[in-house]
Amino acid sequence: MECNHDCSSCSSANCGERKEEKKKEGAKNVKKVIAVVSGKGGVGKSLVSALTAAALSKDGAKVAVLDADVTGPSMGKVFGVTAKAYGNGQMIVPAMTKGGIKLISVNMMLEHEDDPVIWRGPLIGGMVQQFWTDVDWGDVDYMVVDMPPGTGDVPLTVFQSLNVDGIIIVTSPQELVSMIVAKAMKMAKMMDIPVLGVVENMSYFECDGCGKRHYIYGESKAEEVCEKYGVKLLARLPIKPELAKLCDAGRIEDATCEELKPAVEAVKSAKVRKHE
């Protein structure tokens, strides 16, 4: 039969064009997408991404994690996922964590997880876009996107290609915090994406013996910076060695972080934007 290119009126299951249509709609049933960003590396962005996803999953939501940090992927490690991604003939099937979170990361496509990804920007951006379109995500209430640091090719690809409903900015208490927030805020504004708020990681260390808080990286400036840029300070996370141990062991889903609850609630209450 001659094809009229109208898939809605066609019953053929083996049409090449129908397969391509399905591939391009991998994330069509993802209800809400939240990107976790930072202006620089080493501030705990991946930790915040993993803790947020785990908390949402524990609340009964269907959760997915897209590891967009292609050259520095860590989501597989912190969730303890070593399985390789595979295809079902049409699409890529994401891995599943012990707690039932769907996960895709470039490590799942490498022969060895410690193989370096030495790619130029456009190729990395293309991989991230494929994670969105060519992965069989199924029904997902929340997708958490762990972004690479900075404002380069991948963040631009994510903001332009993925239906991002809001971002969380992760910072540290150092002097650079103002610049970090400013860069992320300005990029989000340019891309017309709502900023849900700021999470300050490594804010302080609380002594087990006396209960006193020690500000190892200096007194926090997060509140004044957030006030300056008109954004909410969602959480200040303490330094917790037990979290690092759980990440190293691939057991982040066993962690509890009460301090992050306001950020999780911000994700839940974020409005789903209308996308063209």
# chains A, B, ... in the order shown; residues from 1 in each chain; ligands from 1

call {"tool": "closest_atom_pairs", "arguments": {"of": "segment 18-71 of chain A", "to": "segment 174-190 of chain A", "cutoff": "10 Å", "atoms": "only C-alpha atoms", "output": "JSON lines"}}
result
{"residue": "A:Val37", "atom": "CA", "partner": "A:Ala184", "partner_atom": "CA", "distance": 7.4}
{"residue": "A:Ser38", "atom": "CA", "partner": "A:Ile180", "partner_atom": "CA", "distance": 6.7}
{"residue": "A:Gly39", "atom": "CA", "partner": "A:Ile180", "partner_atom": "CA", "distance": 4.4}
{"residue": "A:Lys40", "atom": "CA", "partner": "A:Ile180", "partner_atom": "CA", "distance": 6.7}
{"residue": "A:Val43", "atom": "CA", "partner": "A:Gln174", "partner_atom": "CA", "distance": 9.9}

call {"tool": "write_last_selection", "arguments": {"atoms": "N, CA, C and O atoms", "output": "short mmCIF file (atom, residue, chain, number, x, y, z; two decimals), in the first residue's frame"}}
result
data_model
loop_
_atom_site.label_atom_id
_atom_site.label_comp_id
_atom_site.auth_asym_id
_atom_site.auth_seq_id
_atom_site.Cartn_x
_atom_site.Cartn_y
_atom_site.Cartn_z
N VAL A 37 22.04 22.11 38.02
CA VAL A 37 23.15 22.78 37.35
C VAL A 37 24.11 23.42 38.36
O VAL A 37 23.77 23.61 39.53
N SER A 38 25.28 23.75 37.86
CA SER A 38 26.24 24.52 38.65
C SER A 38 27.12 25.31 37.72
O SER A 38 27.32 24.92 36.56
N GLY A 39 27.66 26.41 38.20
CA GLY A 39 28.54 27.23 37.39
C GLY A 39 29.95 26.69 37.34
O GLY A 39 30.74 27.09 36.49
N LYS A 40 30.29 25.80 38.26
CA LYS A 40 31.62 25.20 38.29
C LYS A 40 31.53 23.78 38.82
O LYS A 40 30.51 23.40 39.39
N VAL A 43 31.09 21.01 43.28
CA VAL A 43 30.23 21.58 44.33
C VAL A 43 29.17 20.60 44.82
O VAL A 43 28.39 20.92 45.71
#

call {"tool": "select_by_dssp", "arguments": {"residues": "segment 128-251 of chain A", "states": "strand (DSSP E or B)", "output": "list in words"}}
result
Val135, Val140, Asp141, Tyr142, Met143, Val144, Val145, Asp146, Gly166, Ile167, Ile168, Ile169, Val170, Thr171, Val195, Leu196, Gly197, Val198, Val199, Glu200, Phe205, Glu206, Arg213, His214, Leu233, Leu234, Ala235 and Arg236 of chain A

call {"tool": "residues_around", "arguments": {"residues": "Ile168 of chain A", "least_positions_apart": "5", "cutoff": "6 Å", "atoms": "only C-alpha atoms", "output": "PyMOL selection string"}}
result
chain A and resi 36+196-198

call {"tool": "write_last_selection", "arguments": {"atoms": "N, CA and C atoms", "output": "mmCIF file, in the first residue's frame"}}
result
data_model
loop_
_atom_site.group_PDB
_atom_site.id
_atom_site.type_symbol
_atom_site.label_atom_id
_atom_site.label_comp_id
_atom_site.auth_asym_id
_atom_site.auth_seq_id
_atom_site.Cartn_x
_atom_site.Cartn_y
_atom_site.Cartn_z
ATOM 1 N N VAL A 36 19.632 19.867 37.223
ATOM 2 C CA VAL A 36 20.452 20.303 38.353
ATOM 3 C C VAL A 36 21.760 20.835 37.781
ATOM 4 N N LEU A 196 14.143 27.181 40.213
ATOM 5 C CA LEU A 196 13.396 26.783 41.408
ATOM 6 C C LEU A 196 14.074 27.278 42.679
ATOM 7 N N GLY A 197 15.399 27.381 42.641
ATOM 8 C CA GLY A 197 16.115 27.867 43.811
ATOM 9 C C GLY A 197 17.543 27.360 43.844
ATOM 10 N N VAL A 198 18.204 27.667 44.951
ATOM 11 C CA VAL A 198 19.614 27.346 45.137
ATOM 12 C C VAL A 198 19.774 26.366 46.293
#

call {"tool": "atom_distance", "arguments": {"atom1": "atom CA of Val145 of chain A", "atom2": "atom CA of Val225 of chain A"}}
result
24.4 Å

call {"tool": "residues_around", "arguments": {"residues": "Ser74 of chain A", "least_positions_apart": "4", "cutoff": "9 Å", "atoms": "only C-alpha atoms", "output": "number ranges by chain"}}
result
A: 46, 67, 69, 78-79, 105, 107

call {"tool": "write_last_selection", "arguments": {"atoms": "N, CA, C and O atoms", "output": "mmCIF file, in the first residue's frame"}}
result
data_model
loop_
_atom_site.group_PDB
_atom_site.id
_atom_site.type_symbol
_atom_site.label_atom_id
_atom_site.label_comp_id
_atom_site.auth_asym_id
_atom_site.auth_seq_id
_atom_site.Cartn_x
_atom_site.Cartn_y
_atom_site.Cartn_z
ATOM 1 N N SER A 46 26.091 16.372 41.391
ATOM 2 C CA SER A 46 25.643 14.997 41.181
ATOM 3 C C SER A 46 25.041 14.403 42.455
ATOM 4 O O SER A 46 24.084 13.634 42.400
ATOM 5 N N ASP A 67 21.848 11.216 32.928
ATOM 6 C CA ASP A 67 23.183 11.710 33.243
ATOM 7 C C ASP A 67 23.725 12.451 32.028
ATOM 8 O O ASP A 67 24.237 11.843 31.087
ATOM 9 N N ASP A 69 26.174 14.595 32.079
ATOM 10 C CA ASP A 69 27.598 14.890 32.227
ATOM 11 C C ASP A 69 28.373 13.786 31.517
ATOM 12 O O ASP A 69 28.898 12.868 32.135
ATOM 13 N N VAL A 78 27.063 6.099 41.737
ATOM 14 C CA VAL A 78 26.404 6.404 43.005
ATOM 15 C C VAL A 78 25.152 5.551 43.225
ATOM 16 O O VAL A 78 24.764 5.300 44.366
ATOM 17 N N PHE A 79 24.534 5.101 42.127
ATOM 18 C CA PHE A 79 23.355 4.236 42.263
ATOM 19 C C PHE A 79 23.720 2.752 42.229
ATOM 20 O O PHE A 79 22.838 1.901 42.363
ATOM 21 N N SER A 105 23.237 6.587 31.312
ATOM 22 C CA SER A 105 24.513 7.292 31.433
ATOM 23 C C SER A 105 25.450 6.738 30.374
ATOM 24 O O SER A 105 25.331 5.569 29.978
ATOM 25 N N ASN A 107 28.388 5.772 30.606
ATOM 26 C CA ASN A 107 29.167 4.639 31.102
ATOM 27 C C ASN A 107 28.534 3.306 30.735
ATOM 28 O O ASN A 107 29.224 2.295 30.628
#

call {"tool": "closest_residue", "arguments": {"among": "A:Thr52, A:Thr157, A:Ser220, A:Asn29", "to": "Glu265 of chain A", "atoms": "only C-alpha atoms"}}
result
A:Thr52

call {"tool": "closest_residue", "arguments": {"among": "A:Phe131, A:Trp137, A:Tyr215, A:Tyr142", "to": "Ser57 of chain A", "atoms": "only C-alpha atoms"}}
result
A:Tyr142

call {"tool": "residues_around", "arguments": {"residues": "Ile124 of chain A", "least_positions_apart": "5", "cutoff": "12 Å", "atoms": "only C-alpha atoms", "output": "short mmCIF file (atom, residue, chain, number, x, y, z; two decimals) with N, CA, C and O atoms, in the first residue's frame"}}
result
data_model
loop_
_atom_site.label_atom_id
_atom_site.label_comp_id
_atom_site.auth_asym_id
_atom_site.auth_seq_id
_atom_site.Cartn_x
_atom_site.Cartn_y
_atom_site.Cartn_z
N ASP A 67 21.85 11.22 32.93
CA ASP A 67 23.18 11.71 33.24
C ASP A 67 23.73 12.45 32.03
O ASP A 67 24.24 11.84 31.09
N ALA A 68 23.60 13.78 32.04
CA ALA A 68 24.03 14.60 30.91
C ALA A 68 25.50 15.00 31.01
O ALA A 68 26.02 15.66 30.11
N ASP A 69 26.17 14.59 32.08
CA ASP A 69 27.60 14.89 32.23
C ASP A 69 28.37 13.79 31.52
O ASP A 69 28.90 12.87 32.13
N VAL A 70 28.45 13.89 30.20
CA VAL A 70 28.98 12.81 29.37
C VAL A 70 30.46 12.55 29.62
O VAL A 70 30.90 11.40 29.63
N THR A 71 31.24 13.59 29.82
CA THR A 71 32.68 13.38 30.02
C THR A 71 33.05 13.10 31.48
O THR A 71 34.17 12.70 31.77
N GLY A 72 32.11 13.30 32.39
CA GLY A 72 32.36 13.01 33.80
C GLY A 72 31.17 12.33 34.44
O GLY A 72 30.66 12.77 35.47
N VAL A 106 26.39 7.55 29.93
CA VAL A 106 27.29 7.11 28.86
C VAL A 106 28.13 5.92 29.31
O VAL A 106 28.56 5.10 28.48
N VAL A 117 35.89 9.55 27.71
CA VAL A 117 35.08 10.01 26.57
C VAL A 117 35.78 11.23 25.99
O VAL A 117 35.69 12.33 26.54
N ILE A 118 36.50 11.02 24.90
CA ILE A 118 37.28 12.10 24.29
C ILE A 118 36.56 12.54 23.02
O ILE A 118 36.93 12.16 21.91
N TRP A 119 35.52 13.30 23.21
CA TRP A 119 34.68 13.75 22.10
C TRP A 119 34.64 15.27 22.08
O TRP A 119 34.79 15.93 23.11
N GLN A 129 21.11 14.49 23.45
CA GLN A 129 19.82 14.56 22.77
C GLN A 129 19.26 13.17 22.49
O GLN A 129 18.05 12.93 22.59
N GLN A 130 20.16 12.22 22.16
CA GLN A 130 19.72 10.85 21.95
C GLN A 130 19.21 10.21 23.24
O GLN A 130 18.28 9.41 23.22
N PHE A 131 19.81 10.57 24.36
CA PHE A 131 19.32 10.08 25.65
C PHE A 131 17.86 10.49 25.85
O PHE A 131 17.09 9.78 26.50
N PRO A 148 26.43 18.77 33.30
CA PRO A 148 27.85 19.09 33.49
C PRO A 148 27.97 20.53 33.98
O PRO A 148 27.05 21.33 33.79
N GLY A 152 28.30 25.51 28.63
CA GLY A 152 28.78 25.14 27.30
C GLY A 152 27.76 24.43 26.45
O GLY A 152 26.54 24.61 26.57
N ASP A 153 28.26 23.55 25.56
CA ASP A 153 27.43 22.88 24.56
C ASP A 153 26.31 22.04 25.17
O ASP A 153 25.17 22.08 24.70
N VAL A 154 26.65 21.26 26.20
CA VAL A 154 25.64 20.34 26.74
C VAL A 154 24.50 21.09 27.44
O VAL A 154 23.33 20.80 27.17
N PRO A 155 24.78 22.05 28.34
CA PRO A 155 23.66 22.80 28.91
C PRO A 155 22.79 23.47 27.85
O PRO A 155 21.56 23.49 27.96
N LEU A 156 23.43 23.98 26.81
CA LEU A 156 22.68 24.61 25.72
C LEU A 156 21.79 23.59 25.03
O LEU A 156 20.61 23.85 24.74
N THR A 157 22.33 22.41 24.76
CA THR A 157 21.56 21.34 24.13
C THR A 157 20.38 20.93 25.00
O THR A 157 19.26 20.76 24.52
N VAL A 158 20.64 20.76 26.30
CA VAL A 158 19.57 20.35 27.22
C VAL A 158 18.46 21.39 27.25
O VAL A 158 17.28 21.06 27.15
#

call {"tool": "select_by_dssp", "arguments": {"residues": "segment 153-273 of chain A", "states": "alpha helix (DSSP H)", "output": "JSON, numbers by chain"}}
result
{"A": [153, 154, 155, 156, 157, 158, 159, 160, 161, 177, 178, 179, 180, 181, 182, 183, 184, 185, 186, 187, 188, 189, 190, 222, 223, 224, 225, 226, 227, 228, 229, 241, 242, 243, 244, 245, 246, 247, 248, 261, 262, 263, 264, 265, 266, 267, 268, 269]}

call {"tool": "closest_residue", "arguments": {"among": "A:Arg120, A:Arg236, A:Lys58, A:Lys84", "to": "Thr256 of chain A", "atoms": "only C-alpha atoms"}}
result
A:Lys58

call {"tool": "closest_atom_pairs", "arguments": {"of": "segment 145-264 of chain A", "to": "segment 91-97 of chain A", "cutoff": "12 Å", "atoms": "only C-alpha atoms", "output": "Markdown table"}}
result
| residue | atom | partner | partner_atom | distance |
| --- | --- | --- | --- | --- |
| A:Gly250 | CA | A:Thr97 | CA | 9.8 |
| A:Arg251 | CA | A:Thr97 | CA | 9.7 |
| A:Ile252 | CA | A:Thr97 | CA | 10.3 |
| A:Glu253 | CA | A:Thr97 | CA | 8.8 |
| A:Asp254 | CA | A:Thr97 | CA | 11.8 |

call {"tool": "write_last_selection", "arguments": {"atoms": "N, CA and C atoms", "output": "tab-separated table (two decimals), in the first residue's frame"}}
result
chain	number	residue	atom	x	y	z
A	250	GLY	N	27.72	2.80	46.03
A	250	GLY	CA	26.60	2.66	45.11
A	250	GLY	C	25.26	2.49	45.80
A	251	ARG	N	25.15	3.08	46.99
A	251	ARG	CA	23.93	2.89	47.78
A	251	ARG	C	23.27	4.22	48.15
A	252	ILE	N	23.27	5.17	47.23
A	252	ILE	CA	22.73	6.49	47.54
A	252	ILE	C	21.24	6.42	47.88
A	253	GLU	N	20.56	5.39	47.39
A	253	GLU	CA	19.13	5.25	47.68
A	253	GLU	C	18.87	4.89	49.15
A	254	ASP	N	19.92	4.48	49.85
A	254	ASP	CA	19.79	4.19	51.28
A	254	ASP	C	19.96	5.44	52.14

call {"tool": "closest_residue", "arguments": {"among": "A:Lys28, A:Arg273, A:His112, A:Lys45", "to": "Val164 of chain A", "atoms": "only C-alpha atoms"}}
result
A:Arg273

call {"tool": "residues_around", "arguments": {"residues": "Asp139 of chain A", "least_positions_apart": "3", "cutoff": "8 Å", "atoms": "only C-alpha atoms", "output": "PDB file with N, CA, C and O atoms, in the first residue's frame"}}
result
ATOM      1  N   ASN A  29       6.258  10.601  27.444  1.00  0.00           N
ATOM      2  CA  ASN A  29       5.455  10.384  28.646  1.00  0.00           C
ATOM      3  C   ASN A  29       6.180  10.795  29.929  1.00  0.00           C
ATOM      4  O   ASN A  29       5.823  10.332  31.010  1.00  0.00           O
ATOM      5  N   VAL A  30       7.198  11.627  29.782  1.00  0.00           N
ATOM      6  CA  VAL A  30       7.872  12.204  30.955  1.00  0.00           C
ATOM      7  C   VAL A  30       7.121  13.476  31.334  1.00  0.00           C
ATOM      8  O   VAL A  30       7.042  14.421  30.555  1.00  0.00           O
ATOM      9  N   LYS A  31       6.563  13.501  32.545  1.00  0.00           N
ATOM     10  CA  LYS A  31       5.686  14.604  32.925  1.00  0.00           C
ATOM     11  C   LYS A  31       6.439  15.873  33.326  1.00  0.00           C
ATOM     12  O   LYS A  31       6.033  16.978  32.992  1.00  0.00           O
ATOM     13  N   LYS A  62       7.246   7.837  39.958  1.00  0.00           N
ATOM     14  CA  LYS A  62       8.040   7.164  38.929  1.00  0.00           C
ATOM     15  C   LYS A  62       9.128   8.134  38.491  1.00  0.00           C
ATOM     16  O   LYS A  62       8.829   9.217  37.971  1.00  0.00           O
TER      17      LYS A  62
END

call {"tool": "closest_residue", "arguments": {"among": "A:Asp115, A:Asp208, A:Asp146, A:Asp59", "to": "Leu47 of chain A", "atoms": "only C-alpha atoms"}}
result
A:Asp146

call {"tool": "atom_distance", "arguments": {"atom1": "atom CA of Val170 of chain A", "atom2": "atom CA of Glu200 of chain A"}}
result
5.8 Å

call {"tool": "decode", "arguments": {"residues": "segment 168-193 of chain A", "atoms": "N, CA and C atoms", "output": "mmCIF file, in the first residue's frame"}}
result
data_model
loop_
_atom_site.group_PDB
_atom_site.id
_atom_site.type_symbol
_atom_site.label_atom_id
_atom_site.label_comp_id
_atom_site.auth_asym_id
_atom_site.auth_seq_id
_atom_site.Cartn_x
_atom_site.Cartn_y
_atom_site.Cartn_z
ATOM 1 N N ILE A 168 17.569 23.626 39.386
ATOM 2 C CA ILE A 168 18.093 23.855 40.729
ATOM 3 C C ILE A 168 19.576 24.166 40.578
ATOM 4 N N ILE A 169 20.023 25.252 41.180
ATOM 5 C CA ILE A 169 21.427 25.650 41.119
ATOM 6 C C ILE A 169 22.133 25.176 42.378
ATOM 7 N N VAL A 170 23.249 24.483 42.211
ATOM 8 C CA VAL A 170 24.027 23.985 43.348
ATOM 9 C C VAL A 170 25.303 24.811 43.478
ATOM 10 N N THR A 171 25.586 25.259 44.700
ATOM 11 C CA THR A 171 26.771 26.073 44.950
ATOM 12 C C THR A 171 27.488 25.563 46.196
ATOM 13 N N SER A 172 28.598 26.195 46.501
ATOM 14 C CA SER A 172 29.337 25.944 47.744
ATOM 15 C C SER A 172 29.483 27.277 48.479
ATOM 16 N N PRO A 173 29.960 27.275 49.713
ATOM 17 C CA PRO A 173 30.025 28.528 50.483
ATOM 18 C C PRO A 173 31.206 29.439 50.120
ATOM 19 N N GLN A 174 31.968 29.116 49.099
ATOM 20 C CA GLN A 174 33.151 29.898 48.773
ATOM 21 C C GLN A 174 32.800 31.226 48.117
ATOM 22 N N GLU A 175 33.816 32.068 47.975
ATOM 23 C CA GLU A 175 33.617 33.404 47.417
ATOM 24 C C GLU A 175 33.039 33.374 46.006
ATOM 25 N N LEU A 176 33.286 32.262 45.288
ATOM 26 C CA LEU A 176 32.822 32.168 43.911
ATOM 27 C C LEU A 176 31.316 32.015 43.795
ATOM 28 N N VAL A 177 30.627 31.832 44.932
ATOM 29 C CA VAL A 177 29.203 31.520 44.892
ATOM 30 C C VAL A 177 28.398 32.560 44.127
ATOM 31 N N SER A 178 28.716 33.819 44.291
ATOM 32 C CA SER A 178 27.966 34.876 43.616
ATOM 33 C C SER A 178 28.084 34.753 42.107
ATOM 34 N N MET A 179 29.290 34.490 41.627
ATOM 35 C CA MET A 179 29.502 34.347 40.194
ATOM 36 C C MET A 179 28.809 33.099 39.667
ATOM 37 N N ILE A 180 28.853 32.012 40.436
ATOM 38 C CA ILE A 180 28.222 30.751 40.030
ATOM 39 C C ILE A 180 26.725 30.953 39.829
ATOM 40 N N VAL A 181 26.099 31.552 40.836
ATOM 41 C CA VAL A 181 24.648 31.778 40.766
ATOM 42 C C VAL A 181 24.310 32.725 39.626
ATOM 43 N N ALA A 182 25.107 33.775 39.475
ATOM 44 C CA ALA A 182 24.830 34.772 38.433
ATOM 45 C C ALA A 182 24.871 34.146 37.043
ATOM 46 N N LYS A 183 25.883 33.343 36.771
ATOM 47 C CA LYS A 183 26.010 32.718 35.453
ATOM 48 C C LYS A 183 24.831 31.787 35.173
ATOM 49 N N ALA A 184 24.499 30.938 36.146
ATOM 50 C CA ALA A 184 23.390 30.003 35.958
ATOM 51 C C ALA A 184 22.061 30.741 35.804
ATOM 52 N N MET A 185 21.865 31.778 36.619
ATOM 53 C CA MET A 185 20.634 32.562 36.548
ATOM 54 C C MET A 185 20.475 33.226 35.181
ATOM 55 N N LYS A 186 21.553 33.821 34.695
ATOM 56 C CA LYS A 186 21.489 34.536 33.418
ATOM 57 C C LYS A 186 21.233 33.585 32.254
ATOM 58 N N MET A 187 21.854 32.408 32.299
ATOM 59 C CA MET A 187 21.618 31.448 31.221
ATOM 60 C C MET A 187 20.173 30.960 31.247
ATOM 61 N N ALA A 188 19.665 30.676 32.446
ATOM 62 C CA ALA A 188 18.278 30.226 32.558
ATOM 63 C C ALA A 188 17.313 31.294 32.046
ATOM 64 N N LYS A 189 17.617 32.538 32.369
ATOM 65 C CA LYS A 189 16.752 33.636 31.916
ATOM 66 C C LYS A 189 16.783 33.769 30.404
ATOM 67 N N MET A 190 17.982 33.637 29.831
ATOM 68 C CA MET A 190 18.119 33.726 28.371
ATOM 69 C C MET A 190 17.356 32.605 27.681
ATOM 70 N N MET A 191 17.300 31.427 28.329
ATOM 71 C CA MET A 191 16.617 30.277 27.748
ATOM 72 C C MET A 191 15.165 30.179 28.209
ATOM 73 N N ASP A 192 14.723 31.154 29.015
ATOM 74 C CA ASP A 192 13.343 31.224 29.499
ATOM 75 C C ASP A 192 12.961 29.975 30.298
ATOM 76 N N ILE A 193 13.837 29.591 31.237
ATOM 77 C CA ILE A 193 13.586 28.430 32.085
ATOM 78 C C ILE A 193 13.533 28.877 33.540
#
